[in-house]
$ cat target-v2.txt   # compact mmCIF, C-alpha atoms
# COMPACT_ATOMS: atom_id res chain seq x y z
CA MET A 1 -13.38 -12.31 4.55
CA GLU A 2 -14.83 -15.70 3.73
CA GLY A 3 -15.55 -17.85 6.76
CA VAL A 4 -13.90 -15.40 9.15
CA SER A 5 -15.79 -13.09 11.47
CA PRO A 6 -14.80 -9.43 11.29
CA PRO A 7 -12.93 -8.06 14.30
CA THR A 8 -15.03 -6.86 17.22
CA ARG A 9 -14.86 -3.28 18.51
CA ALA A 10 -12.69 -4.51 21.37
CA GLN A 11 -10.32 -6.25 18.95
CA LEU A 12 -10.12 -3.11 16.81
CA ALA A 13 -9.37 -0.96 19.86
CA ALA A 14 -6.68 -3.43 20.95
CA ALA A 15 -5.08 -3.22 17.50
CA ARG A 16 -4.10 0.45 17.92
CA ASP A 17 -0.34 0.89 17.45
CA ARG A 18 0.07 -2.79 16.51
CA THR A 19 2.27 -3.61 13.53
CA ILE A 20 1.94 -6.25 10.81
CA PRO A 21 4.78 -7.93 8.93
CA ASP A 22 5.81 -6.78 5.50
CA VAL A 23 5.24 -9.14 2.57
CA LEU A 24 8.53 -8.79 0.70
CA ALA A 25 11.13 -10.74 -1.24
CA PRO A 26 14.30 -9.67 -3.02
CA GLY A 27 14.01 -8.34 -6.57
CA LEU A 28 10.25 -7.75 -6.74
CA ALA A 29 8.83 -6.09 -9.84
CA VAL A 30 6.72 -3.76 -7.65
CA MET A 31 6.92 -3.02 -3.94
CA PHE A 32 3.65 -1.36 -2.92
CA CYS A 33 3.97 0.94 0.06
CA GLY A 34 0.87 1.84 2.02
CA ILE A 35 0.63 4.73 4.44
CA ASN A 36 0.13 2.63 7.60
CA PRO A 37 -2.08 -0.26 8.69
CA SER A 38 -5.68 0.41 9.61
CA LEU A 39 -6.98 -0.97 12.89
CA TYR A 40 -8.83 -3.59 10.84
CA SER A 41 -5.62 -4.67 9.11
CA ALA A 42 -3.74 -4.79 12.39
CA ALA A 43 -6.51 -6.84 14.02
CA THR A 44 -6.46 -9.36 11.16
CA GLY A 45 -2.72 -9.24 10.38
CA HIS A 46 -3.41 -8.58 6.68
CA HIS A 47 -2.55 -5.53 4.58
CA PHE A 48 -5.42 -3.53 3.07
CA ALA A 49 -7.91 -5.79 4.89
CA ARG A 50 -10.67 -3.34 5.72
CA PRO A 51 -13.85 -4.04 3.74
CA GLY A 52 -14.22 -1.29 1.18
CA ASN A 53 -10.49 -0.94 0.61
CA ARG A 54 -9.91 -1.14 -3.13
CA PHE A 55 -6.29 -2.33 -3.16
CA TRP A 56 -7.05 -6.00 -3.86
CA PRO A 57 -9.74 -5.34 -6.51
CA ALA A 58 -7.52 -2.72 -8.21
CA LEU A 59 -4.59 -5.14 -8.22
CA HIS A 60 -6.73 -7.68 -10.05
CA LEU A 61 -8.57 -5.29 -12.40
CA SER A 62 -5.24 -3.76 -13.46
CA GLY A 63 -3.84 -7.17 -14.43
CA PHE A 64 -1.26 -7.55 -11.66
CA THR A 65 -2.97 -10.73 -10.43
CA PRO A 66 -4.89 -13.33 -12.46
CA ARG A 67 -7.75 -13.38 -9.95
CA LEU A 68 -9.02 -11.32 -7.04
CA LEU A 69 -6.94 -12.18 -4.00
CA ARG A 70 -8.31 -11.89 -0.48
CA PRO A 71 -6.22 -10.05 2.11
CA ALA A 72 -5.58 -13.41 3.81
CA GLU A 73 -3.81 -14.48 0.60
CA GLN A 74 -1.22 -11.69 0.80
CA HIS A 75 1.50 -14.35 1.11
CA LEU A 76 0.90 -15.14 -2.59
CA LEU A 77 2.01 -11.67 -3.74
CA PRO A 78 5.72 -12.47 -4.21
CA GLN A 79 4.88 -15.22 -6.72
CA PHE A 80 3.46 -12.40 -8.89
CA GLY A 81 6.56 -10.27 -8.33
CA LEU A 82 4.72 -8.04 -5.86
CA GLY A 83 5.15 -7.08 -2.22
CA VAL A 84 3.72 -4.76 0.42
CA THR A 85 5.18 -2.57 3.14
CA ASN A 86 4.08 0.67 4.84
CA LEU A 87 5.61 4.08 5.41
CA VAL A 88 4.63 3.91 9.08
CA ALA A 89 4.36 0.54 10.79
CA ARG A 90 1.92 1.40 13.60
CA ALA A 91 -1.81 0.99 13.12
CA THR A 92 -4.20 3.90 13.53
CA ALA A 93 -7.89 4.43 12.91
CA ARG A 94 -7.07 7.10 10.29
CA ALA A 95 -3.92 8.07 8.42
CA ASP A 96 -4.33 11.68 9.52
CA GLU A 97 -3.40 10.55 13.05
CA LEU A 98 0.22 10.25 11.87
CA SER A 99 2.60 13.13 12.49
CA THR A 100 4.77 14.79 9.89
CA GLU A 101 7.79 13.43 11.79
CA GLU A 102 6.45 9.86 11.64
CA LEU A 103 5.88 10.11 7.90
CA ALA A 104 9.34 11.60 7.30
CA ALA A 105 10.92 8.82 9.39
CA GLY A 106 8.84 6.35 7.36
CA GLY A 107 10.30 7.76 4.16
CA GLU A 108 13.80 7.15 5.55
CA ARG A 109 12.83 3.63 6.57
CA LEU A 110 11.44 2.95 3.09
CA VAL A 111 14.76 3.95 1.54
CA ALA A 112 16.49 1.34 3.73
CA VAL A 113 13.92 -1.35 2.84
CA VAL A 114 14.32 -0.61 -0.86
CA ASP A 115 18.10 -0.79 -0.49
CA GLU A 116 17.75 -4.22 1.15
CA TYR A 117 15.16 -5.77 -1.20
CA ARG A 118 15.99 -3.94 -4.46
CA PRO A 119 12.59 -3.89 -6.19
CA HIS A 120 12.37 -2.63 -9.76
CA THR A 121 9.63 -0.13 -8.86
CA VAL A 122 8.25 1.32 -5.62
CA ALA A 123 4.59 2.36 -5.71
CA ILE A 124 3.47 4.55 -2.82
CA VAL A 125 -0.31 4.45 -2.39
CA GLY A 126 -1.27 7.86 -1.12
CA VAL A 127 -0.06 11.09 -2.71
CA THR A 128 -0.52 13.21 0.43
CA ALA A 129 1.57 10.84 2.54
CA TYR A 130 4.23 10.74 -0.20
CA ARG A 131 4.37 14.54 -0.31
CA VAL A 132 4.95 14.73 3.44
CA ALA A 133 7.31 11.74 3.75
CA PHE A 134 9.57 12.86 0.91
CA GLY A 135 9.23 16.64 1.11
CA ALA A 136 7.62 16.83 -2.33
CA PRO A 137 4.66 19.19 -1.81
CA HIS A 138 3.78 19.41 -5.50
CA ALA A 139 3.98 15.70 -6.37
CA VAL A 140 1.12 14.27 -8.40
CA ILE A 141 -0.12 10.76 -9.02
CA GLY A 142 1.91 8.81 -11.57
CA PRO A 143 5.60 8.24 -12.28
CA GLN A 144 8.04 10.46 -10.42
CA ASP A 145 11.33 11.85 -11.73
CA GLU A 146 13.01 10.82 -8.48
CA ARG A 147 14.08 7.28 -7.66
CA ILE A 148 14.48 5.48 -4.39
CA GLY A 149 17.92 3.97 -4.73
CA GLU A 150 17.84 2.20 -8.10
CA ALA A 151 14.06 1.70 -8.01
CA LYS A 152 11.67 3.66 -10.18
CA LEU A 153 9.09 5.55 -8.15
CA TRP A 154 5.33 5.81 -8.74
CA VAL A 155 2.66 7.45 -6.64
CA LEU A 156 -0.79 5.87 -6.75
CA PRO A 157 -4.08 7.05 -5.27
CA ASN A 158 -4.91 5.83 -1.80
CA PRO A 159 -7.17 2.76 -2.32
CA SER A 160 -9.03 3.34 0.94
CA GLY A 161 -12.78 3.47 0.60
CA LEU A 162 -12.52 6.80 2.43
CA ASN A 163 -10.81 8.33 -0.63
CA ALA A 164 -13.87 9.69 -2.43
CA HIS A 165 -11.78 11.39 -5.14
CA PHE A 166 -11.12 8.05 -6.83
CA GLN A 167 -13.64 5.32 -7.59
CA LEU A 168 -12.52 1.71 -8.07
CA ASN A 169 -12.20 2.04 -11.85
CA ASP A 170 -10.05 5.17 -11.41
CA VAL A 171 -7.79 3.45 -8.90
CA ALA A 172 -7.51 0.38 -11.16
CA ALA A 173 -6.63 2.60 -14.14
CA GLU A 174 -3.73 4.12 -12.20
CA PHE A 175 -2.55 0.65 -11.12
CA ARG A 176 -2.81 -0.46 -14.78
CA ALA A 177 -0.68 2.49 -15.93
CA LEU A 178 1.98 1.38 -13.46
CA ARG A 179 1.80 -2.22 -14.66
CA GLU A 180 2.03 -1.24 -18.32
CA HIS A 181 4.66 1.53 -18.04
CA GLY A 182 6.41 1.03 -14.71
$ encode --input "target-v2.txt" --output "structure tokens"
Amino acid sequence: MEGVSPPTRAQLAAARDRTIPDVLAPGLAVMFCGINPSLYSAATGHHFARPGNRFWPALHLSGFTPRLLRPAEQHLLPQFGLGVTNLVARATARADELSTEELAAGGERLVAVVDEYRPHTVAIVGVTAYRVAFGAPHAVIGPQDERIGEAKLWVLPNPSGLNAHFQLNDVAAEFRALREHG
């Protein structure tokens, strides 16, 4: 982050279980739904803030935003018809620290958020988390037959730098498919 020091180890440790506010507005074109905040995101208060996370570059490379936004500019997302929430609100060092029950409860919470904000499309970033949260063990990346309320549903690859199965260009291509066909 330009001009901002990264969080210290103590700040990261203190961020465990912290939450960060959603960035939402009624009637968004796409509501992106992460798994849960990282400790880095919770320490900074910004979604997908950890260096190496490919959410912001993929958003730009796919054409959702006219320029690369920094995590600190997340408040600009609604002007592009975009928003961000998470399945589980509490921050952890790794998504695999979340229980099946937490993810299932997160799926229920997401249904309520979608009902309130009524986005056109919901894009869950993380196929494994989607499978657990919505009891869809065979789901694959891409558009889903199911809907959440009236919203179309897409599953995107997890943009975390820890996801070695997808490189930035692969993640951006999936985001682009959503933008063009969602």
$ residues_near_point --input "target-v2.txt" --point "(2.3, 13.6, -0.4)" --cutoff "12 Å" --atoms "all atoms listed in the file" --output "ChimeraX atom specification"
/A:35,87,100,103-104,107,124-141,144,154-158
$ write_last_selection --input "target-v2.txt" --atoms "C-alpha atoms" --output "PDB file, keeping the file's coordinate frame"
ATOM      1  CA  ILE A  35       0.630   4.730   4.440  1.00  0.00           C
ATOM      2  CA  LEU A  87       5.610   4.080   5.410  1.00  0.00           C
ATOM      3  CA  THR A 100       4.770  14.790   9.890  1.00  0.00           C
ATOM      4  CA  LEU A 103       5.880  10.110   7.900  1.00  0.00           C
ATOM      5  CA  ALA A 104       9.340  11.600   7.300  1.00  0.00           C
ATOM      6  CA  GLY A 107      10.300   7.760   4.160  1.00  0.00           C
ATOM      7  CA  ILE A 124       3.470   4.550  -2.820  1.00  0.00           C
ATOM      8  CA  VAL A 125      -0.310   4.450  -2.390  1.00  0.00           C
ATOM      9  CA  GLY A 126      -1.270   7.860  -1.120  1.00  0.00           C
ATOM     10  CA  VAL A 127      -0.060  11.090  -2.710  1.00  0.00           C
ATOM     11  CA  THR A 128      -0.520  13.210   0.430  1.00  0.00           C
ATOM     12  CA  ALA A 129       1.570  10.840   2.540  1.00  0.00           C
ATOM     13  CA  TYR A 130       4.230  10.740  -0.200  1.00  0.00           C
ATOM     14  CA  ARG A 131       4.370  14.540  -0.310  1.00  0.00           C
ATOM     15  CA  VAL A 132       4.950  14.730   3.440  1.00  0.00           C
ATOM     16  CA  ALA A 133       7.310  11.740   3.750  1.00  0.00           C
ATOM     17  CA  PHE A 134       9.570  12.860   0.910  1.00  0.00           C
ATOM     18  CA  GLY A 135       9.230  16.640   1.110  1.00  0.00           C
ATOM     19  CA  ALA A 136       7.620  16.830  -2.330  1.00  0.00           C
ATOM     20  CA  PRO A 137       4.660  19.190  -1.810  1.00  0.00           C
ATOM     21  CA  HIS A 138       3.780  19.410  -5.500  1.00  0.00           C
ATOM     22  CA  ALA A 139       3.980  15.700  -6.370  1.00  0.00           C
ATOM     23  CA  VAL A 140       1.120  14.270  -8.400  1.00  0.00           C
ATOM     24  CA  ILE A 141      -0.120  10.760  -9.020  1.00  0.00           C
ATOM     25  CA  GLN A 144       8.040  10.460 -10.420  1.00  0.00           C
ATOM     26  CA  TRP A 154       5.330   5.810  -8.740  1.00  0.00           C
ATOM     27  CA  VAL A 155       2.660   7.450  -6.640  1.00  0.00           C
ATOM     28  CA  LEU A 156      -0.790   5.870  -6.750  1.00  0.00           C
ATOM     29  CA  PRO A 157      -4.080   7.050  -5.270  1.00  0.00           C
ATOM     30  CA  ASN A 158      -4.910   5.830  -1.800  1.00  0.00           C
TER      31      ASN A 158
END
$ residues_around --input "target-v2.txt" --residues "A:Leu24" --least-positions-apart "3" --cutoff "12 Å" --atoms "only C-alpha atoms" --output "PDB file with C-alpha atoms, in the frame of the given file"
ATOM      1  CA  PRO A  21       4.780  -7.930   8.930  1.00  0.00           C
ATOM      2  CA  GLY A  27      14.010  -8.340  -6.570  1.00  0.00           C
ATOM      3  CA  LEU A  28      10.250  -7.750  -6.740  1.00  0.00           C
ATOM      4  CA  ALA A  29       8.830  -6.090  -9.840  1.00  0.00           C
ATOM      5  CA  VAL A  30       6.720  -3.760  -7.650  1.00  0.00           C
ATOM      6  CA  MET A  31       6.920  -3.020  -3.940  1.00  0.00           C
ATOM      7  CA  PHE A  32       3.650  -1.360  -2.920  1.00  0.00           C
ATOM      8  CA  CYS A  33       3.970   0.940   0.060  1.00  0.00           C
ATOM      9  CA  GLN A  74      -1.220 -11.690   0.800  1.00  0.00           C
ATOM     10  CA  HIS A  75       1.500 -14.350   1.110  1.00  0.00           C
ATOM     11  CA  LEU A  76       0.900 -15.140  -2.590  1.00  0.00           C
ATOM     12  CA  LEU A  77       2.010 -11.670  -3.740  1.00  0.00           C
ATOM     13  CA  PRO A  78       5.720 -12.470  -4.210  1.00  0.00           C
ATOM     14  CA  GLN A  79       4.880 -15.220  -6.720  1.00  0.00           C
ATOM     15  CA  PHE A  80       3.460 -12.400  -8.890  1.00  0.00           C
ATOM     16  CA  GLY A  81       6.560 -10.270  -8.330  1.00  0.00           C
ATOM     17  CA  LEU A  82       4.720  -8.040  -5.860  1.00  0.00           C
ATOM     18  CA  GLY A  83       5.150  -7.080  -2.220  1.00  0.00           C
ATOM     19  CA  VAL A  84       3.720  -4.760   0.420  1.00  0.00           C
ATOM     20  CA  THR A  85       5.180  -2.570   3.140  1.00  0.00           C
ATOM     21  CA  ASN A  86       4.080   0.670   4.840  1.00  0.00           C
ATOM     22  CA  VAL A 113      13.920  -1.350   2.840  1.00  0.00           C
ATOM     23  CA  VAL A 114      14.320  -0.610  -0.860  1.00  0.00           C
ATOM     24  CA  GLU A 116      17.750  -4.220   1.150  1.00  0.00           C
ATOM     25  CA  TYR A 117      15.160  -5.770  -1.200  1.00  0.00           C
ATOM     26  CA  ARG A 118      15.990  -3.940  -4.460  1.00  0.00           C
ATOM     27  CA  PRO A 119      12.590  -3.890  -6.190  1.00  0.00           C
ATOM     28  CA  VAL A 122       8.250   1.320  -5.620  1.00  0.00           C
TER      29      VAL A 122
END
$ atom_distance --input "target-v2.txt" --atom1 "atom CA of A:Ala15" --atom2 "atom CA of A:Glu73"
20.3 Å
$ residues_around --input "target-v2.txt" --residues "A:Leu39" --least-positions-apart "4" --cutoff "9 Å" --atoms "all atoms listed in the file" --output "PyMOL selection string"
chain A and resi 11-18+43-44+50+91-94
$ atom_distance --input "target-v2.txt" --atom1 "atom CA of A:Arg90" --atom2 "atom CA of A:Pro26"
23.5 Å
$ atom_distance --input "target-v2.txt" --atom1 "atom CA of A:Ser5" --atom2 "atom CA of A:Phe55"
20.5 Å
$ residues_around --input "target-v2.txt" --residues "A:Phe48" --least-positions-apart "2" --cutoff "9 Å" --atoms "only C-alpha atoms" --output "list in words"
Gly34, Pro37, Ser38, Tyr40, Ser41, His46, Arg50, Pro51, Asn53, Arg54, Phe55, Trp56, Pro71, Pro159 and Ser160 of chain A
$ closest_residue --input "target-v2.txt" --among "A:Val171, A:Leu98, A:Val111, A:Leu178" --to "A:Pro143" --atoms "all atoms listed in the file"
A:Leu178
$ closest_residue --input "target-v2.txt" --among "A:Gly182, A:Ala177, A:Gly142, A:Val4" --to "A:His120" --atoms "all atoms listed in the file"
A:Gly182
$ axis_aligned_box --input "target-v2.txt" --around "stretch 65-84 of chain A" --padding-each-side "3 Å" --output "AutoDock Vina command-line options"
--center_x -1.2 --center_y -10.0 --center_z -4.3 --size_x 21.6 --size_y 16.5 --size_z 22.3
$ closest_residue --input "target-v2.txt" --among "A:Asp115, A:Val23, A:Glu174, A:Ile148" --to "A:Ala72" --atoms "all atoms listed in the file"
A:Val23
